[in-house]
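Okay, structure-v2.cif now, which holds mmCIF, C-alpha atoms and all ligand atoms:
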```
data_structure
loop_
_atom_site.label_atom_id
_atom_site.label_comp_id
_atom_site.auth_asym_id
_atom_site.auth_seq_id
_atom_site.Cartn_x
_atom_site.Cartn_y
_atom_site.Cartn_z
CA MET A 37 30.27 50.98 -45.49
CA GLU A 38 30.76 50.67 -49.21
CA VAL A 39 33.76 52.59 -50.53
CA PHE A 40 32.98 51.87 -54.17
CA SER A 41 29.51 51.55 -55.48
CA SER A 42 29.12 48.60 -57.81
CA LYS A 43 28.68 51.09 -60.64
CA THR A 44 32.06 52.72 -59.95
CA LEU A 45 33.63 49.31 -59.73
CA LEU A 46 32.25 48.39 -63.15
CA ILE A 47 33.64 51.57 -64.64
CA VAL A 48 37.06 50.87 -63.12
CA ILE A 49 37.03 47.33 -64.49
CA ALA A 50 35.92 48.54 -67.91
CA PHE A 51 38.71 51.10 -68.03
CA SER A 52 41.38 48.68 -66.99
CA LEU A 53 40.16 46.28 -69.67
CA ILE A 54 40.39 49.01 -72.28
CA ILE A 55 43.89 49.95 -71.15
CA THR A 56 45.05 46.32 -71.10
CA ASN A 57 43.56 45.74 -74.53
CA SER A 58 45.15 48.76 -76.11
CA TYR A 59 48.46 47.85 -74.48
CA GLN A 60 48.17 44.37 -75.97
CA ALA A 61 47.15 45.82 -79.33
CA ASN A 62 50.24 48.04 -79.26
CA GLU A 63 52.45 45.10 -78.35
CA ARG A 64 50.98 43.13 -81.24
CA GLN A 65 51.62 46.01 -83.61
CA TYR A 66 55.24 46.24 -82.51
CA GLN A 67 55.67 42.51 -82.90
CA GLN A 68 54.07 42.63 -86.35
CA ALA A 69 56.35 45.48 -87.38
CA ASN A 70 59.37 43.53 -86.09
CA THR A 71 58.53 40.30 -87.88
CA LEU A 72 57.60 42.22 -91.04
CA PHE A 73 61.00 43.91 -90.93
CA ILE A 74 62.71 40.51 -90.74
CA ARG A 75 60.57 39.11 -93.55
CA THR A 76 61.26 42.10 -95.81
CA SER A 77 64.99 42.12 -95.08
CA CYS A 78 65.21 38.37 -95.65
CA SER A 79 63.46 38.64 -99.01
CA SER A 80 66.67 40.00 -100.55
CA THR A 81 68.73 37.01 -99.40
CA THR A 82 69.24 33.83 -101.43
CA TYR A 83 67.41 31.61 -98.91
CA PRO A 84 64.66 33.86 -97.55
CA ARG A 85 62.72 31.15 -95.70
CA LEU A 86 65.75 29.89 -93.82
CA CYS A 87 66.70 33.50 -93.11
CA TYR A 88 63.28 34.25 -91.62
CA ALA A 89 63.09 31.01 -89.64
CA SER A 90 66.53 31.55 -88.13
CA LEU A 91 65.87 35.16 -87.10
CA VAL A 92 62.20 35.40 -86.15
CA LYS A 93 62.79 34.11 -82.62
CA HIS A 94 65.04 37.13 -82.08
CA ALA A 95 62.43 39.58 -83.42
CA ASN A 96 62.00 41.34 -80.06
CA SER A 97 65.68 42.17 -79.73
CA ILE A 98 66.20 42.99 -83.42
CA GLN A 99 63.13 45.25 -83.56
CA THR A 100 63.55 47.12 -86.87
CA ASN A 101 67.27 47.76 -86.57
CA ARG A 102 69.34 46.70 -89.59
CA PHE A 103 72.58 46.53 -87.62
CA LEU A 104 71.06 44.27 -84.95
CA LEU A 105 69.49 42.12 -87.67
CA THR A 106 72.85 41.61 -89.38
CA ASP A 107 74.70 41.06 -86.11
CA THR A 108 72.13 38.49 -85.01
CA ALA A 109 72.37 36.72 -88.38
CA LEU A 110 76.13 36.43 -87.90
CA ASN A 111 75.76 35.17 -84.32
CA VAL A 112 73.18 32.57 -85.35
CA THR A 113 75.46 31.46 -88.20
CA LEU A 114 78.47 31.14 -85.89
CA ALA A 115 76.47 29.09 -83.38
CA THR A 116 75.31 26.74 -86.15
CA VAL A 117 78.81 26.31 -87.60
CA LYS A 118 80.11 25.56 -84.10
CA SER A 119 77.49 22.90 -83.44
CA THR A 120 78.09 21.36 -86.88
CA TRP A 121 81.83 21.31 -86.21
CA ALA A 122 81.21 19.57 -82.86
CA MET A 123 78.88 17.06 -84.44
CA MET A 124 81.33 16.19 -87.22
CA SER A 125 84.23 15.93 -84.78
CA SER A 126 82.36 13.41 -82.66
CA LEU A 127 81.19 11.54 -85.75
CA ALA A 128 84.78 11.26 -86.97
CA LYS A 129 85.80 9.74 -83.64
CA THR A 130 82.93 7.37 -83.09
CA ARG A 131 82.14 6.09 -86.57
CA GLU A 132 83.78 3.45 -88.73
CA LEU A 133 84.52 5.36 -91.91
CA LYS A 134 86.04 4.42 -95.24
CA PRO A 135 89.54 5.90 -95.72
CA ARG A 136 88.21 8.39 -98.27
CA GLU A 137 85.46 9.46 -95.91
CA THR A 138 87.94 9.85 -93.06
CA ALA A 139 90.08 12.12 -95.23
CA ALA A 140 87.10 14.22 -96.37
CA MET A 141 85.86 14.45 -92.79
CA LYS A 142 89.26 15.56 -91.51
CA ASP A 143 89.52 18.25 -94.20
CA CYS A 144 86.01 19.40 -93.49
CA ILE A 145 86.53 19.67 -89.74
CA GLU A 146 89.57 21.84 -90.38
CA LEU A 147 87.70 23.99 -92.90
CA LEU A 148 84.81 24.48 -90.48
CA SER A 149 87.27 25.43 -87.78
CA ASP A 150 88.75 28.09 -90.10
CA SER A 151 85.29 29.27 -90.89
CA ILE A 152 84.54 29.63 -87.14
CA ASP A 153 87.63 31.86 -86.78
CA GLU A 154 86.58 33.97 -89.74
CA LEU A 155 83.06 34.43 -88.43
CA ARG A 156 84.40 35.31 -84.96
CA LYS A 157 86.63 37.97 -86.49
CA SER A 158 83.71 39.45 -88.42
CA ILE A 159 81.51 39.53 -85.31
CA ASN A 160 84.30 41.25 -83.44
CA GLU A 161 84.60 43.83 -86.23
CA MET A 162 80.83 44.36 -86.22
CA SER A 163 81.12 45.62 -82.65
CA ARG A 164 83.64 48.24 -83.83
CA LEU A 165 81.68 49.30 -86.89
CA ARG A 166 80.29 52.44 -85.25
CA THR A 167 83.59 53.65 -83.85
CA SER A 168 86.03 52.83 -86.66
CA ASN A 169 86.21 53.61 -90.37
CA PHE A 170 82.94 52.21 -91.70
CA GLU A 171 84.06 51.33 -95.24
CA LEU A 172 87.31 49.65 -94.19
CA THR A 173 85.72 47.68 -91.38
CA MET A 174 82.83 46.64 -93.59
CA SER A 175 85.24 45.50 -96.26
CA ASP A 176 87.10 43.33 -93.70
CA ILE A 177 83.81 41.80 -92.56
CA GLN A 178 82.80 41.05 -96.16
CA THR A 179 86.19 39.46 -96.84
CA TRP A 180 86.01 37.20 -93.76
CA VAL A 181 82.43 36.10 -94.27
CA SER A 182 83.18 35.34 -97.95
CA ALA A 183 86.20 33.30 -96.84
CA ALA A 184 84.00 31.39 -94.36
CA LEU A 185 81.55 30.62 -97.17
CA THR A 186 84.36 29.41 -99.46
CA ASP A 187 85.67 27.10 -96.72
CA GLN A 188 82.22 25.61 -96.21
CA SER A 189 81.74 25.06 -99.96
CA THR A 190 85.15 23.40 -100.20
CA CYS A 191 84.05 21.08 -97.40
CA SER A 192 80.87 19.98 -99.14
CA ASP A 193 82.66 19.68 -102.52
CA GLY A 194 85.09 17.29 -100.82
CA PHE A 195 82.24 14.96 -99.92
CA GLU A 196 80.78 15.20 -103.42
CA GLU A 197 84.11 14.20 -104.95
CA ILE A 198 84.29 10.98 -102.96
CA ASN A 199 80.66 10.16 -103.78
CA ALA A 200 79.75 9.90 -100.12
CA THR A 201 76.72 7.71 -99.51
CA GLY A 202 74.35 6.85 -96.68
CA ASP A 203 74.12 8.99 -93.59
CA ILE A 204 77.49 10.67 -94.23
CA LYS A 205 75.97 12.07 -97.39
CA THR A 206 72.79 13.04 -95.52
CA ILE A 207 74.74 14.85 -92.82
CA VAL A 208 76.71 16.77 -95.39
CA GLN A 209 73.68 17.65 -97.40
CA VAL A 210 71.62 18.72 -94.43
CA LYS A 211 74.11 20.26 -92.02
CA ILE A 212 76.89 21.69 -94.17
CA VAL A 213 74.46 22.95 -96.77
CA GLN A 214 72.42 24.66 -94.06
CA VAL A 215 75.55 26.24 -92.60
CA ALA A 216 76.56 27.52 -96.05
CA GLN A 217 73.07 28.87 -96.69
CA LEU A 218 73.03 30.71 -93.35
CA THR A 219 76.45 32.17 -94.14
CA SER A 220 75.35 33.20 -97.62
CA ASN A 221 72.29 34.92 -96.12
CA ALA A 222 74.42 36.69 -93.51
CA LEU A 223 76.68 37.94 -96.30
CA ALA A 224 73.69 39.27 -98.24
CA LEU A 225 72.51 41.15 -95.10
CA ILE A 226 76.03 42.51 -94.60
CA ASN A 227 76.13 43.75 -98.19
CA LYS A 228 72.77 45.43 -97.65
CA LEU A 229 74.02 47.06 -94.46
CA ALA A 230 77.10 48.26 -96.36
CA THR A 231 75.05 49.96 -99.08
CA SER A 232 72.43 51.40 -96.71
CA HIS A 233 75.09 53.38 -94.89
CA GLY A 234 75.65 57.05 -95.71
C1 LIG B 301 76.54 38.81 -81.05
O1 LIG B 301 77.58 38.21 -80.33
C2 LIG B 301 78.51 39.14 -79.78
C3 LIG B 301 79.66 38.33 -79.17
O2 LIG B 301 79.20 37.32 -78.34
C4 LIG B 301 77.79 40.00 -78.75
O3 LIG B 301 78.68 40.94 -78.20
C5 LIG B 301 76.66 40.72 -79.45
O4 LIG B 301 75.91 41.48 -78.53
C6 LIG B 301 75.73 39.75 -80.17
N1 LIG B 301 74.80 40.51 -80.98
C7 LIG B 301 73.47 40.38 -80.90
C8 LIG B 301 72.66 41.27 -81.76
O5 LIG B 301 72.92 39.57 -80.15
C1 LIG B 302 82.09 9.40 -108.33
O1 LIG B 302 81.04 9.18 -109.26
C2 LIG B 302 81.35 9.65 -110.56
C3 LIG B 302 80.10 9.50 -111.43
O2 LIG B 302 79.41 8.31 -111.15
C4 LIG B 302 82.56 8.89 -111.13
O3 LIG B 302 82.88 9.37 -112.41
C5 LIG B 302 83.74 9.12 -110.19
O4 LIG B 302 84.87 8.36 -110.61
C6 LIG B 302 83.38 8.73 -108.77
N1 LIG B 302 84.49 9.13 -107.88
C7 LIG B 302 85.00 8.35 -106.94
C8 LIG B 302 86.14 8.92 -106.16
O5 LIG B 302 84.55 7.23 -106.70
#
```

What does the file become when written as structure tokens?
Ligand SMILES: *[C@@H]1O[C@H](CO)[C@@H](O)[C@H](O)[C@H]1NC(C)=O
Ligand SMILES: *[C@@H]1O[C@H](CO)[C@@H](O)[C@H](O)[C@H]1NC(C)=O
Amino acid sequence: MEVFSSKTLLIVIAFSLIITNSYQANERQYQQANTLFIRTSCSSTTYPRLCYASLVKHANSIQTNRFLLTDTALNVTLATVKSTWAMMSSLAKTRELKPRETAAMKDCIELLSDSIDELRKSINEMSRLRTSNFELTMSDIQTWVSAALTDQSTCSDGFEEINATGDIKTIVQVKIVQVAQLTSNALALINKLATSHG
């Protein structure tokens, strides 16, 4: 005996298609709102394209939350500084370098290490932002992220001064510059978060 007539079955299928489609349409709208939020927020940074590219893969967790956006930007920056530090440390050990390059590399590794500490402290403070004095905590975060940026610039200046050439120069230009740009963007987002409060 037939429980469902074929007509009923068609109606059921049609409805489930409509529901699935509208669910997917909703999902798409959320995703579009999330990526639009990142694009708009990034437009006020100095390197908007890098900002967007580094954050868009976290769009689902950031949603349209300015705090999460800023926190993610800091976390992404810290991860990049760490990997750059590791790369430079291994390069310093494995490569034949000119004495000047060795000195610049050593300074830079130390500066990046300081910058990792400063970013860690700011991320730690971010987690206390809601429960402690907002202005004071924000001011500490701004100070540390600015210090991290200064350390990174000092590192790349060091390589400029010795007129680094070849792949040492390429590494500095690509990696350190990217790290500094990410940090500069994170600082811009932090400043925005600071002014959007209250
Ligand atoms: C950033 O990293 C901190 C420390 O690992 C973590 O507690 C926090 O949840 C991360 N924030 C985001 C938005 O992923
Ligand atoms: C680097 O290049 C500049 C300009 O060519 C030159 O004036 C300077 O002396 C060079 N520095 C070193 C450390 O070689």

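Neighbours of ligand LIG 301 (chain B) at a cut-off of 8 Å, computed so that all atoms listed in the file are counted, are the residues Ser97, Ile98, Phe103, Leu104, Leu105, Thr106, Asp107, Thr108, Leu110, Asn111, Ile159, Asn160 and Ser163 of chain A.
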
List as a ChimeraX atom specification the protein and nucleic acid residues near Glu196 in chain A, meaning an atom at most 10 Å away when only C-alpha atoms are counted, but skip any in the same chain fewer than 6 places from it. /A:140,190,205,208-209

Could you list, as a PyMOL selection string, all residues that come within 12 Å of ligand LIG 302 (chain B)? Count all atoms listed in the file. chain A and resi 134-137+140+193-201

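Note that the spacing between CA of Ser182 in chain A and CA of Ala216 in chain A amounts to 10.4 Å.
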
Contacts of range 199-226 of chain A with range 112-119 of chain A up to 10 Å, shortest pair per row, only C-alpha atoms, as a Markdown table:
```
| residue | atom | partner | partner_atom | distance |
| --- | --- | --- | --- | --- |
| A:Lys211 | CA | A:Thr116 | CA | 8.8 |
| A:Ile212 | CA | A:Val117 | CA | 8.3 |
| A:Gln214 | CA | A:Thr116 | CA | 8.7 |
| A:Val215 | CA | A:Val117 | CA | 6.0 |
| A:Ala216 | CA | A:Val117 | CA | 8.8 |
| A:Gln217 | CA | A:Thr113 | CA | 9.2 |
| A:Leu218 | CA | A:Thr113 | CA | 5.7 |
| A:Thr219 | CA | A:Thr113 | CA | 6.1 |
| A:Ser220 | CA | A:Thr113 | CA | 9.6 |
| A:Asn221 | CA | A:Thr113 | CA | 9.2 |
| A:Ala222 | CA | A:Thr113 | CA | 7.5 |
```

May I have a table of the residues of range 170-209 of chain A lying at most 12 Å from range 121-130 of chain A, giving each one's closest pair of atoms and their distance in Å to one decimal, counting all atoms listed in the file, ordered by chain and ascending residue number, as a Markdown table?
```
| residue | atom | partner | partner_atom | distance |
| --- | --- | --- | --- | --- |
| A:Gln188 | CA | A:Trp121 | CA | 10.9 |
| A:Cys191 | CA | A:Trp121 | CA | 11.4 |
| A:Asp203 | CA | A:Leu127 | CA | 10.9 |
| A:Ile204 | CA | A:Leu127 | CA | 9.3 |
| A:Ile207 | CA | A:Met124 | CA | 8.8 |
| A:Val208 | CA | A:Met124 | CA | 9.4 |
```

File dump, residues just selected, C-alpha atoms, as a PDB file, in the frame of the given file:
```pdb
ATOM      1  CA  GLN A 188      82.220  25.610 -96.210  1.00  0.00           C
ATOM      2  CA  CYS A 191      84.050  21.080 -97.400  1.00  0.00           C
ATOM      3  CA  ASP A 203      74.120   8.990 -93.590  1.00  0.00           C
ATOM      4  CA  ILE A 204      77.490  10.670 -94.230  1.00  0.00           C
ATOM      5  CA  ILE A 207      74.740  14.850 -92.820  1.00  0.00           C
ATOM      6  CA  VAL A 208      76.710  16.770 -95.390  1.00  0.00           C
TER       7      VAL A 208
END
```

Dig up all the protein and nucleic acid residues within 9 Å of (87.5, 25.1, -98.1) in the file frame, using all atoms listed in the file, and format them as a ChimeraX atom specification. /A:143-144,146-148,150-151,183-194

Computed interatomic separation between CA of Thr167 in chain A and CA of Leu229 in chain A (Å):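 Taking CA of Thr167 in chain A and CA of Leu229 in chain A, their separation equals 15.7 Å.
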
Find the smallest box with edges along x, y and z containing every listed atom of range 93-96 of chain A, then add 8 Å on each side and report centre and edge lengths in Å to one decimal, as JSON.
```
{"center_x": 63.5, "center_y": 37.7, "center_z": -81.7, "size_x": 19.0, "size_y": 23.2, "size_z": 19.4}
```

Write out as a Markdown table a residue-level contact list of range 82-138 of chain A versus range 60-67 of chain A with cut-off 12 Å: for each qualifying residue the closest pair of atoms and the distance in Å to one decimal, counting only C-alpha atoms, rows sorted by chain and residue number upward.
```
| residue | atom | partner | partner_atom | distance |
| --- | --- | --- | --- | --- |
| A:Val92 | CA | A:Gln67 | CA | 10.2 |
| A:Lys93 | CA | A:Gln67 | CA | 11.0 |
| A:His94 | CA | A:Gln67 | CA | 10.8 |
| A:Ala95 | CA | A:Gln67 | CA | 7.4 |
| A:Asn96 | CA | A:Gln67 | CA | 7.0 |
| A:Ser97 | CA | A:Gln67 | CA | 10.5 |
| A:Ile98 | CA | A:Gln67 | CA | 10.6 |
| A:Gln99 | CA | A:Gln67 | CA | 8.0 |
| A:Thr100 | CA | A:Tyr66 | CA | 9.4 |
```

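Taking CA of Phe73 in chain A and CA of Leu91 in chain A as the two end points, the separation is 10.7 Å.
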
Let me make sure I understand: among A:Ala139, A:Ala50, A:Val210, A:Ile226, which one has the smallest atom-to-atom distance to Cys78 in chain A if we use only C-alpha atoms?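 Among A:Ala139, A:Ala50, A:Val210, A:Ile226, it is A:Ile226 that comes nearest to Cys78 in chain A.
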